[in-house]
$ cat structure.cif   # mmCIF, C-alpha atoms and all ligand atoms; chains and numbers go by the auth columns
data_protein
loop_
_atom_site.group_PDB
_atom_site.id
_atom_site.type_symbol
_atom_site.label_atom_id
_atom_site.label_comp_id
_atom_site.label_asym_id
_atom_site.label_seq_id
_atom_site.Cartn_x
_atom_site.Cartn_y
_atom_site.Cartn_z
_atom_site.B_iso_or_equiv
_atom_site.auth_seq_id
_atom_site.auth_asym_id
ATOM 1 C CA MET A 1 -55.969 87.473 -21.480 0.00 1 A
ATOM 2 C CA ARG A 2 -57.302 89.090 -24.664 0.00 2 A
ATOM 3 C CA VAL A 3 -53.924 89.779 -26.190 0.00 3 A
ATOM 4 C CA LEU A 4 -51.159 87.215 -26.064 0.00 4 A
ATOM 5 C CA LYS A 5 -48.432 89.794 -25.862 0.00 5 A
ATOM 6 C CA ASN A 6 -45.601 87.355 -25.333 0.00 6 A
ATOM 7 C CA LEU A 7 -46.376 85.517 -28.578 0.00 7 A
ATOM 8 C CA PHE A 8 -46.273 88.738 -30.616 0.00 8 A
ATOM 9 C CA GLU A 9 -42.992 89.629 -28.982 0.00 9 A
ATOM 10 C CA ARG A 10 -41.563 86.235 -29.799 0.00 10 A
ATOM 11 C CA ASN A 11 -42.822 86.581 -33.370 0.00 11 A
ATOM 12 C CA ARG A 12 -41.027 89.899 -33.901 0.00 12 A
ATOM 13 C CA ASN A 13 -37.805 88.519 -32.474 0.00 13 A
ATOM 14 C CA TRP A 14 -38.067 85.454 -34.674 0.00 14 A
ATOM 15 C CA ALA A 15 -38.699 87.489 -37.847 0.00 15 A
ATOM 16 C CA GLU A 16 -35.678 89.669 -36.999 0.00 16 A
ATOM 17 C CA LYS A 17 -33.493 86.635 -36.480 0.00 17 A
ATOM 18 C CA VAL A 18 -34.508 85.104 -39.804 0.00 18 A
ATOM 19 C CA LYS A 19 -33.941 88.412 -41.637 0.00 19 A
ATOM 20 C CA LYS A 20 -30.503 88.741 -40.099 0.00 20 A
ATOM 21 C CA SER A 21 -29.355 85.481 -41.647 0.00 21 A
ATOM 22 C CA ASP A 22 -31.152 86.143 -44.967 0.00 22 A
ATOM 23 C CA PRO A 23 -32.431 89.699 -45.533 0.00 23 A
ATOM 24 C CA ASP A 24 -34.604 88.696 -48.539 0.00 24 A
ATOM 25 C CA PHE A 25 -36.055 85.565 -46.946 0.00 25 A
ATOM 26 C CA PHE A 26 -39.627 86.800 -46.489 0.00 26 A
ATOM 27 C CA LEU A 27 -39.666 88.747 -49.740 0.00 27 A
ATOM 28 C CA LYS A 28 -38.651 85.638 -51.693 0.00 28 A
ATOM 29 C CA LEU A 29 -41.193 83.452 -49.874 0.00 29 A
ATOM 30 C CA SER A 30 -44.001 85.961 -50.338 0.00 30 A
ATOM 31 C CA LYS A 31 -43.744 85.509 -54.110 0.00 31 A
ATOM 32 C CA GLN A 32 -44.262 81.762 -54.160 0.00 32 A
ATOM 33 C CA GLN A 33 -44.061 78.531 -52.223 0.00 33 A
ATOM 34 C CA SER A 34 -42.488 75.458 -53.767 0.00 34 A
ATOM 35 C CA PRO A 35 -42.239 72.838 -51.041 0.00 35 A
ATOM 36 C CA GLU A 36 -40.969 69.411 -52.025 0.00 36 A
ATOM 37 C CA TYR A 37 -42.660 67.652 -49.136 0.00 37 A
ATOM 38 C CA LEU A 38 -46.185 67.108 -47.883 0.00 38 A
ATOM 39 C CA TRP A 39 -46.171 66.161 -44.218 0.00 39 A
ATOM 40 C CA ILE A 40 -49.168 64.422 -42.687 0.00 40 A
ATOM 41 C CA GLY A 41 -48.597 64.244 -38.964 0.00 41 A
ATOM 42 C CA CYS A 42 -50.250 64.153 -35.571 0.00 42 A
ATOM 43 C CA SER A 43 -51.590 67.360 -33.984 0.00 43 A
ATOM 44 C CA ASP A 44 -49.553 66.566 -30.861 0.00 44 A
ATOM 45 C CA SER A 45 -47.698 69.734 -29.786 0.00 45 A
ATOM 46 C CA ARG A 46 -44.506 67.728 -29.327 0.00 46 A
ATOM 47 C CA VAL A 47 -44.311 66.742 -32.999 0.00 47 A
ATOM 48 C CA PRO A 48 -43.972 69.963 -35.035 0.00 48 A
ATOM 49 C CA ALA A 49 -43.121 69.116 -38.651 0.00 49 A
ATOM 50 C CA ASN A 50 -40.599 71.823 -39.566 0.00 50 A
ATOM 51 C CA GLU A 51 -38.705 71.796 -36.282 0.00 51 A
ATOM 52 C CA ILE A 52 -38.156 68.034 -36.232 0.00 52 A
ATOM 53 C CA VAL A 53 -36.379 68.067 -39.575 0.00 53 A
ATOM 54 C CA ASP A 54 -34.898 71.518 -38.982 0.00 54 A
ATOM 55 C CA MET A 55 -36.444 73.116 -42.072 0.00 55 A
ATOM 56 C CA LEU A 56 -37.417 76.747 -42.656 0.00 56 A
ATOM 57 C CA PRO A 57 -40.861 78.008 -43.703 0.00 57 A
ATOM 58 C CA GLY A 58 -41.561 77.309 -47.377 0.00 58 A
ATOM 59 C CA THR A 59 -40.145 73.804 -47.438 0.00 59 A
ATOM 60 C CA ILE A 60 -42.934 71.597 -46.095 0.00 60 A
ATOM 61 C CA PHE A 61 -46.673 71.644 -46.818 0.00 61 A
ATOM 62 C CA VAL A 62 -48.346 70.402 -43.655 0.00 62 A
ATOM 63 C CA HIS A 63 -51.550 68.699 -42.610 0.00 63 A
ATOM 64 C CA ARG A 64 -51.970 67.532 -39.037 0.00 64 A
ATOM 65 C CA ASN A 65 -54.813 65.828 -37.239 0.00 65 A
ATOM 66 C CA ILE A 66 -55.225 63.524 -34.281 0.00 66 A
ATOM 67 C CA ALA A 67 -53.185 60.358 -34.901 0.00 67 A
ATOM 68 C CA ASN A 68 -52.168 61.349 -38.483 0.00 68 A
ATOM 69 C CA LEU A 69 -55.097 59.688 -40.223 0.00 69 A
ATOM 70 C CA VAL A 70 -55.879 59.746 -43.940 0.00 70 A
ATOM 71 C CA ILE A 71 -59.568 58.959 -44.246 0.00 71 A
ATOM 72 C CA HIS A 72 -61.133 58.553 -47.689 0.00 72 A
ATOM 73 C CA THR A 73 -64.091 60.763 -46.775 0.00 73 A
ATOM 74 C CA ASP A 74 -62.082 63.512 -45.050 0.00 74 A
ATOM 75 C CA LEU A 75 -62.385 66.401 -47.519 0.00 75 A
ATOM 76 C CA ASN A 76 -59.989 68.496 -45.474 0.00 76 A
ATOM 77 C CA CYS A 77 -57.122 66.025 -45.718 0.00 77 A
ATOM 78 C CA LEU A 78 -57.924 65.044 -49.320 0.00 78 A
ATOM 79 C CA SER A 79 -57.977 68.697 -50.381 0.00 79 A
ATOM 80 C CA VAL A 80 -54.542 69.178 -48.851 0.00 80 A
ATOM 81 C CA ILE A 81 -53.223 66.127 -50.703 0.00 81 A
ATOM 82 C CA GLN A 82 -54.790 67.239 -53.987 0.00 82 A
ATOM 83 C CA TYR A 83 -53.359 70.751 -53.763 0.00 83 A
ATOM 84 C CA ALA A 84 -49.946 69.447 -52.731 0.00 84 A
ATOM 85 C CA VAL A 85 -49.756 66.875 -55.528 0.00 85 A
ATOM 86 C CA GLU A 86 -51.530 68.632 -58.405 0.00 86 A
ATOM 87 C CA VAL A 87 -50.584 72.267 -57.865 0.00 87 A
ATOM 88 C CA LEU A 88 -47.447 72.331 -55.726 0.00 88 A
ATOM 89 C CA LYS A 89 -46.166 69.100 -57.312 0.00 89 A
ATOM 90 C CA VAL A 90 -44.534 67.859 -54.117 0.00 90 A
ATOM 91 C CA LYS A 91 -42.191 64.929 -54.689 0.00 91 A
ATOM 92 C CA HIS A 92 -42.712 63.263 -51.338 0.00 92 A
ATOM 93 C CA ILE A 93 -45.688 62.613 -49.081 0.00 93 A
ATOM 94 C CA ILE A 94 -44.600 61.712 -45.564 0.00 94 A
ATOM 95 C CA VAL A 95 -46.967 60.213 -43.025 0.00 95 A
ATOM 96 C CA CYS A 96 -45.272 60.752 -39.689 0.00 96 A
ATOM 97 C CA GLY A 97 -46.679 59.145 -36.568 0.00 97 A
ATOM 98 C CA HIS A 98 -45.110 59.114 -33.141 0.00 98 A
ATOM 99 C CA TYR A 99 -44.672 56.652 -30.327 0.00 99 A
ATOM 100 C CA GLY A 100 -46.902 57.137 -27.298 0.00 100 A
ATOM 101 C CA CYS A 101 -49.591 58.826 -29.435 0.00 101 A
ATOM 102 C CA GLY A 102 -52.539 59.895 -27.255 0.00 102 A
ATOM 103 C CA GLY A 103 -55.003 59.193 -30.064 0.00 103 A
ATOM 104 C CA ILE A 104 -53.735 55.639 -30.430 0.00 104 A
ATOM 105 C CA LYS A 105 -53.822 55.138 -26.661 0.00 105 A
ATOM 106 C CA ALA A 106 -57.392 56.437 -26.460 0.00 106 A
ATOM 107 C CA ALA A 107 -58.465 54.139 -29.307 0.00 107 A
ATOM 108 C CA MET A 108 -57.155 51.134 -27.384 0.00 108 A
ATOM 109 C CA GLU A 109 -58.975 52.063 -24.185 0.00 109 A
ATOM 110 C CA ASP A 110 -62.244 50.461 -23.308 0.00 110 A
ATOM 111 C CA LYS A 111 -64.010 53.682 -22.390 0.00 111 A
ATOM 112 C CA GLU A 112 -65.973 56.516 -23.972 0.00 112 A
ATOM 113 C CA HIS A 113 -64.369 59.822 -24.988 0.00 113 A
ATOM 114 C CA GLY A 114 -67.321 61.568 -26.639 0.00 114 A
ATOM 115 C CA LEU A 115 -67.307 62.962 -30.174 0.00 115 A
ATOM 116 C CA ILE A 116 -63.709 61.985 -30.816 0.00 116 A
ATOM 117 C CA ASP A 117 -64.657 58.294 -30.612 0.00 117 A
ATOM 118 C CA ASN A 118 -65.999 58.624 -34.168 0.00 118 A
ATOM 119 C CA TRP A 119 -62.535 59.663 -35.326 0.00 119 A
ATOM 120 C CA LEU A 120 -60.760 57.064 -33.172 0.00 120 A
ATOM 121 C CA GLN A 121 -62.939 54.373 -34.731 0.00 121 A
ATOM 122 C CA ASN A 122 -60.599 54.502 -37.731 0.00 122 A
ATOM 123 C CA ILE A 123 -57.719 53.467 -35.471 0.00 123 A
ATOM 124 C CA ARG A 124 -59.804 50.706 -33.922 0.00 124 A
ATOM 125 C CA ASP A 125 -60.215 49.345 -37.457 0.00 125 A
ATOM 126 C CA VAL A 126 -56.409 49.259 -37.858 0.00 126 A
ATOM 127 C CA TYR A 127 -56.176 47.470 -34.510 0.00 127 A
ATOM 128 C CA ARG A 128 -58.720 44.900 -35.686 0.00 128 A
ATOM 129 C CA TYR A 129 -56.742 44.138 -38.882 0.00 129 A
ATOM 130 C CA HIS A 130 -53.635 43.405 -36.800 0.00 130 A
ATOM 131 C CA GLN A 131 -55.175 42.205 -33.555 0.00 131 A
ATOM 132 C CA ASP A 132 -53.247 38.909 -33.402 0.00 132 A
ATOM 133 C CA ARG A 133 -49.854 40.643 -33.690 0.00 133 A
ATOM 134 C CA ILE A 134 -50.708 43.317 -31.164 0.00 134 A
ATOM 135 C CA ASP A 135 -52.361 41.022 -28.628 0.00 135 A
ATOM 136 C CA ALA A 136 -49.330 38.704 -28.755 0.00 136 A
ATOM 137 C CA LEU A 137 -47.345 41.420 -26.959 0.00 137 A
ATOM 138 C CA GLN A 138 -47.558 41.552 -23.165 0.00 138 A
ATOM 139 C CA ASP A 139 -46.374 45.062 -22.414 0.00 139 A
ATOM 140 C CA GLU A 140 -49.022 47.781 -22.787 0.00 140 A
ATOM 141 C CA LYS A 141 -46.519 50.402 -23.994 0.00 141 A
ATOM 142 C CA GLU A 142 -45.194 48.011 -26.641 0.00 142 A
ATOM 143 C CA LYS A 143 -48.740 47.300 -27.819 0.00 143 A
ATOM 144 C CA ILE A 144 -49.469 51.001 -28.197 0.00 144 A
ATOM 145 C CA ASN A 145 -46.195 51.624 -30.008 0.00 145 A
ATOM 146 C CA LEU A 146 -46.765 48.736 -32.420 0.00 146 A
ATOM 147 C CA LEU A 147 -50.213 50.133 -33.220 0.00 147 A
ATOM 148 C CA CYS A 148 -48.588 53.566 -33.705 0.00 148 A
ATOM 149 C CA GLU A 149 -46.343 52.000 -36.382 0.00 149 A
ATOM 150 C CA LEU A 150 -49.069 49.907 -38.001 0.00 150 A
ATOM 151 C CA ASN A 151 -51.331 52.944 -38.114 0.00 151 A
ATOM 152 C CA VAL A 152 -48.711 54.898 -40.075 0.00 152 A
ATOM 153 C CA ILE A 153 -48.333 52.027 -42.541 0.00 153 A
ATOM 154 C CA GLU A 154 -52.106 51.805 -42.960 0.00 154 A
ATOM 155 C CA GLN A 155 -52.339 55.534 -43.664 0.00 155 A
ATOM 156 C CA THR A 156 -49.607 55.347 -46.303 0.00 156 A
ATOM 157 C CA ALA A 157 -51.717 52.645 -47.985 0.00 157 A
ATOM 158 C CA ASN A 158 -54.738 54.951 -47.839 0.00 158 A
ATOM 159 C CA ILE A 159 -52.721 57.675 -49.557 0.00 159 A
ATOM 160 C CA CYS A 160 -51.528 55.269 -52.256 0.00 160 A
ATOM 161 C CA HIS A 161 -55.134 54.202 -52.884 0.00 161 A
ATOM 162 C CA SER A 162 -56.412 57.761 -53.177 0.00 162 A
ATOM 163 C CA THR A 163 -57.558 58.845 -56.633 0.00 163 A
ATOM 164 C CA ILE A 164 -55.170 61.802 -56.410 0.00 164 A
ATOM 165 C CA VAL A 165 -52.025 59.718 -55.991 0.00 165 A
ATOM 166 C CA GLN A 166 -53.256 57.054 -58.416 0.00 166 A
ATOM 167 C CA SER A 167 -53.769 59.682 -61.137 0.00 167 A
ATOM 168 C CA ALA A 168 -50.389 61.248 -60.439 0.00 168 A
ATOM 169 C CA TRP A 169 -48.625 57.899 -60.866 0.00 169 A
ATOM 170 C CA LYS A 170 -50.650 57.047 -63.985 0.00 170 A
ATOM 171 C CA SER A 171 -49.540 60.301 -65.581 0.00 171 A
ATOM 172 C CA GLY A 172 -45.907 59.565 -64.729 0.00 172 A
ATOM 173 C CA GLN A 173 -45.530 62.198 -62.011 0.00 173 A
ATOM 174 C CA GLU A 174 -42.613 61.665 -59.671 0.00 174 A
ATOM 175 C CA LEU A 175 -44.110 61.036 -56.237 0.00 175 A
ATOM 176 C CA ALA A 176 -42.977 58.904 -53.299 0.00 176 A
ATOM 177 C CA VAL A 177 -45.107 58.020 -50.270 0.00 177 A
ATOM 178 C CA HIS A 178 -43.198 57.453 -47.018 0.00 178 A
ATOM 179 C CA GLY A 179 -44.078 56.150 -43.547 0.00 179 A
ATOM 180 C CA TRP A 180 -42.035 57.472 -40.628 0.00 180 A
ATOM 181 C CA ILE A 181 -42.325 57.437 -36.874 0.00 181 A
ATOM 182 C CA TYR A 182 -40.955 59.904 -34.343 0.00 182 A
ATOM 183 C CA ASN A 183 -39.742 59.155 -30.850 0.00 183 A
ATOM 184 C CA ILE A 184 -40.804 61.881 -28.411 0.00 184 A
ATOM 185 C CA GLU A 185 -38.384 60.506 -25.828 0.00 185 A
ATOM 186 C CA ASP A 186 -35.217 61.218 -27.847 0.00 186 A
ATOM 187 C CA GLY A 187 -36.286 63.426 -30.776 0.00 187 A
ATOM 188 C CA ILE A 188 -35.262 60.833 -33.368 0.00 188 A
ATOM 189 C CA LEU A 189 -37.175 59.929 -36.535 0.00 189 A
ATOM 190 C CA LYS A 190 -37.318 56.370 -37.818 0.00 190 A
ATOM 191 C CA ASP A 191 -38.097 55.318 -41.388 0.00 191 A
ATOM 192 C CA LEU A 192 -40.560 52.425 -41.393 0.00 192 A
ATOM 193 C CA ASN A 193 -39.255 51.419 -44.847 0.00 193 A
ATOM 194 C CA VAL A 194 -42.615 51.299 -46.555 0.00 194 A
ATOM 195 C CA CYS A 195 -41.748 53.790 -49.286 0.00 195 A
ATOM 196 C CA ILE A 196 -43.828 53.406 -52.453 0.00 196 A
ATOM 197 C CA THR A 197 -43.020 55.331 -55.624 0.00 197 A
ATOM 198 C CA ASN A 198 -45.249 53.878 -58.344 0.00 198 A
ATOM 199 C CA LEU A 199 -48.213 51.641 -59.161 0.00 199 A
ATOM 200 C CA ASP A 200 -46.091 48.467 -59.594 0.00 200 A
ATOM 201 C CA GLU A 201 -44.555 48.813 -56.137 0.00 201 A
ATOM 202 C CA MET A 202 -47.959 49.478 -54.731 0.00 202 A
ATOM 203 C CA SER A 203 -49.519 46.341 -56.211 0.00 203 A
ATOM 204 C CA GLN A 204 -46.598 44.266 -54.911 0.00 204 A
ATOM 205 C CA ARG A 205 -46.570 45.671 -51.395 0.00 205 A
ATOM 206 C CA ILE A 206 -50.086 46.695 -50.482 0.00 206 A
ATOM 207 C CA LYS A 207 -52.850 44.145 -50.347 0.00 207 A
HETATM 208 CO CO CO B . -50.363 61.701 -31.498 0.00 301 A
#

$ encode --input "structure.cif" --output "structure tokens"
Amino acid sequence: MRVLKNLFERNRNWAEKVKKSDPDFFLKLSKQQSPEYLWIGCSDSRVPANEIVDMLPGTIFVHRNIANLVIHTDLNCLSVIQYAVEVLKVKHIIVCGHYGCGGIKAAMEDKEHGLIDNWLQNIRDVYRYHQDRIDALQDEKEKINLLCELNVIEQTANICHSTIVQSAWKSGQELAVHGWIYNIEDGILKDLNVCITNLDEMSQRIK
């Protein structure tokens, strides 16, 4: 119980495997990281950033929380964005949600969940903005999945409105904000086509 032996075993095997295909891999990475992507995703164990896009360590800077939210007062998430944009100079910020998200489901339920309800309140706000569209659907699963998509779009808007991204665009830094959604049932990513790359696009597409 105290020592998770199997995980350490797996770790050693993994490190060996990586070294076999590239003997200098860890040495190179230990000197610096220069990821091109910042991934903001859900904590859900079925949606691991690197695995989904089949990328090695060193390629994606990652922040995950329940239901992939970007809240303007969340210093944790904002610090990640600031470091990624200002220091690592990532070229892409990807908000990746997923269908059937437990956080989204919980936010739509009419019952109490304790502390987490304060976090889920942010999703209930997204639901309220789009209530007509969501309530027009009959099927519960479809309603949840539409809110999963709308939530991603809302979070990309939050990123675009952040002072960090605004300053980056004002100074001419190359930076694109993307909204994607992942299907747990087949492992496939979908682009929600809400990519924004500068202030002009933002003022045209985000109200
Ligand atoms: Co989720």

$ residues_near_ligand --input "structure.cif" --ligand "ligand CO 301 (chain A)" --cutoff "9 Å" --atoms "all atoms listed in the file" --output "PyMOL selection string"
chain A and resi 41-47+65-68+97-105+148

$ resolve_selection --input "structure.cif" --expression "the PyMOL selection byres (((chain A and resi 172-174) around 9) and not hetatm)" --output "PyMOL selection string"
chain A and resi 89-92+167-171+175-176+197-198

$ closest_residue --input "structure.cif" --among "A:Phe25, A:Tyr83, A:Trp39, A:Tyr127" --to "Leu56 of chain A" --atoms "only C-alpha atoms"
A:Phe25

$ closest_residue --input "structure.cif" --among "A:Ile52, A:Asn13, A:Val87, A:Lys31" --to "Ile188 of chain A" --atoms "only C-alpha atoms"
A:Ile52

$ closest_residue --input "structure.cif" --among "A:Ile144, A:Asn11, A:Val85, A:Met202" --to "Ala106 of chain A" --atoms "only C-alpha atoms"
A:Ile144

$ residues_around --input "structure.cif" --residues "segment 193-196 of chain A" --least-positions-apart "4" --cutoff "9 Å" --atoms "all atoms listed in the file" --output "PyMOL selection string"
chain A and resi 153+156+160+175-180+200-202+205

$ write_last_selection --input "structure.cif" --atoms "C-alpha atoms" --output "PDB file, in the frame of the given file"
ATOM      1  CA  ILE A 153     -48.333  52.027 -42.541  1.00  0.00           C
ATOM      2  CA  THR A 156     -49.607  55.347 -46.303  1.00  0.00           C
ATOM      3  CA  CYS A 160     -51.528  55.269 -52.256  1.00  0.00           C
ATOM      4  CA  LEU A 175     -44.110  61.036 -56.237  1.00  0.00           C
ATOM      5  CA  ALA A 176     -42.977  58.904 -53.299  1.00  0.00           C
ATOM      6  CA  VAL A 177     -45.107  58.020 -50.270  1.00  0.00           C
ATOM      7  CA  HIS A 178     -43.198  57.453 -47.018  1.00  0.00           C
ATOM      8  CA  GLY A 179     -44.078  56.150 -43.547  1.00  0.00           C
ATOM      9  CA  TRP A 180     -42.035  57.472 -40.628  1.00  0.00           C
ATOM     10  CA  ASP A 200     -46.091  48.467 -59.594  1.00  0.00           C
ATOM     11  CA  GLU A 201     -44.555  48.813 -56.137  1.00  0.00           C
ATOM     12  CA  MET A 202     -47.959  49.478 -54.731  1.00  0.00           C
ATOM     13  CA  ARG A 205     -46.570  45.671 -51.395  1.00  0.00           C
TER      14      ARG A 205
END

$ closest_residue --input "structure.cif" --among "A:Ile123, A:Ile40, A:Ile134, A:Ile94" --to "Val62 of chain A" --atoms "only C-alpha atoms"
A:Ile40

$ atom_distance --input "structure.cif" --atom1 "atom CA of Ala107 of chain A" --atom2 "atom CA of Leu137 of chain A"
17.1 Å

$ residues_around --input "structure.cif" --residues "Cys77 of chain A" --least-positions-apart "3" --cutoff "10 Å" --atoms "all atoms listed in the file" --output "list of chain:residue names"
A:Ile40, A:His63, A:Arg64, A:Asn65, A:Asn68, A:Leu69, A:Val70, A:Ile71, A:His72, A:Thr73, A:Asp74, A:Val80, A:Ile81, A:Gln82

$ residues_around --input "structure.cif" --residues "Pro57 of chain A" --least-positions-apart "2" --cutoff "12 Å" --atoms "only C-alpha atoms" --output "PyMOL selection string"
chain A and resi 15+18+25-26+28-30+32-37+49-51+53-55+59-62

$ build_atoms --input "structure.cif" --residues "segment 44-64 of chain A" --atoms "N, CA and C atoms" --output "mmCIF file, in the frame of the given file"
data_model
loop_
_atom_site.group_PDB
_atom_site.id
_atom_site.type_symbol
_atom_site.label_atom_id
_atom_site.label_comp_id
_atom_site.auth_asym_id
_atom_site.auth_seq_id
_atom_site.Cartn_x
_atom_site.Cartn_y
_atom_site.Cartn_z
ATOM 1 N N ASP A 44 -50.300 66.509 -32.113
ATOM 2 C CA ASP A 44 -49.553 66.566 -30.861
ATOM 3 C C ASP A 44 -48.528 67.712 -30.877
ATOM 4 N N SER A 45 -48.566 68.544 -29.828
ATOM 5 C CA SER A 45 -47.698 69.734 -29.786
ATOM 6 C C SER A 45 -46.214 69.382 -29.741
ATOM 7 N N ARG A 46 -45.923 68.131 -29.426
ATOM 8 C CA ARG A 46 -44.506 67.728 -29.327
ATOM 9 C C ARG A 46 -43.935 67.260 -30.661
ATOM 10 N N VAL A 47 -44.782 67.265 -31.705
ATOM 11 C CA VAL A 47 -44.311 66.742 -32.999
ATOM 12 C C VAL A 47 -44.508 67.776 -34.119
ATOM 13 N N PRO A 48 -43.820 68.920 -34.013
ATOM 14 C CA PRO A 48 -43.972 69.963 -35.035
ATOM 15 C C PRO A 48 -43.127 69.636 -36.273
ATOM 16 N N ALA A 49 -43.767 69.609 -37.420
ATOM 17 C CA ALA A 49 -43.121 69.116 -38.651
ATOM 18 C C ALA A 49 -41.790 69.815 -38.950
ATOM 19 N N ASN A 50 -41.819 71.130 -39.144
ATOM 20 C CA ASN A 50 -40.599 71.823 -39.566
ATOM 21 C C ASN A 50 -39.446 71.705 -38.569
ATOM 22 N N GLU A 51 -39.765 71.824 -37.301
ATOM 23 C CA GLU A 51 -38.705 71.796 -36.282
ATOM 24 C C GLU A 51 -37.975 70.456 -36.263
ATOM 25 N N ILE A 52 -38.747 69.373 -36.343
ATOM 26 C CA ILE A 52 -38.156 68.034 -36.232
ATOM 27 C C ILE A 52 -37.095 67.787 -37.294
ATOM 28 N N VAL A 53 -37.358 68.279 -38.509
ATOM 29 C CA VAL A 53 -36.379 68.067 -39.575
ATOM 30 C C VAL A 53 -35.562 69.335 -39.848
ATOM 31 N N ASP A 54 -35.691 70.295 -38.930
ATOM 32 C CA ASP A 54 -34.898 71.518 -38.982
ATOM 33 C C ASP A 54 -34.989 72.206 -40.348
ATOM 34 N N MET A 55 -36.227 72.465 -40.781
ATOM 35 C CA MET A 55 -36.444 73.116 -42.072
ATOM 36 C C MET A 55 -37.155 74.453 -41.876
ATOM 37 N N LEU A 56 -36.838 75.407 -42.739
ATOM 38 C CA LEU A 56 -37.417 76.747 -42.656
ATOM 39 C C LEU A 56 -38.815 76.784 -43.277
ATOM 40 N N PRO A 57 -39.577 77.837 -43.025
ATOM 41 C CA PRO A 57 -40.861 78.008 -43.703
ATOM 42 C C PRO A 57 -40.661 77.940 -45.226
ATOM 43 N N GLY A 58 -41.653 77.384 -45.921
ATOM 44 C CA GLY A 58 -41.561 77.309 -47.377
ATOM 45 C C GLY A 58 -41.108 75.959 -47.890
ATOM 46 N N THR A 59 -40.712 75.079 -46.987
ATOM 47 C CA THR A 59 -40.145 73.804 -47.438
ATOM 48 C C THR A 59 -41.098 72.616 -47.285
ATOM 49 N N ILE A 60 -42.046 72.739 -46.350
ATOM 50 C CA ILE A 60 -42.934 71.597 -46.095
ATOM 51 C C ILE A 60 -44.383 72.067 -46.061
ATOM 52 N N PHE A 61 -45.234 71.407 -46.859
ATOM 53 C CA PHE A 61 -46.673 71.644 -46.818
ATOM 54 C C PHE A 61 -47.213 70.686 -45.754
ATOM 55 N N VAL A 62 -48.032 71.205 -44.841
ATOM 56 C CA VAL A 62 -48.346 70.402 -43.655
ATOM 57 C C VAL A 62 -49.840 70.206 -43.432
ATOM 58 N N HIS A 63 -50.199 68.989 -43.096
ATOM 59 C CA HIS A 63 -51.550 68.699 -42.610
ATOM 60 C C HIS A 63 -51.391 67.869 -41.347
ATOM 61 N N ARG A 64 -52.065 68.310 -40.271
ATOM 62 C CA ARG A 64 -51.970 67.532 -39.037
ATOM 63 C C ARG A 64 -53.364 67.301 -38.466
#
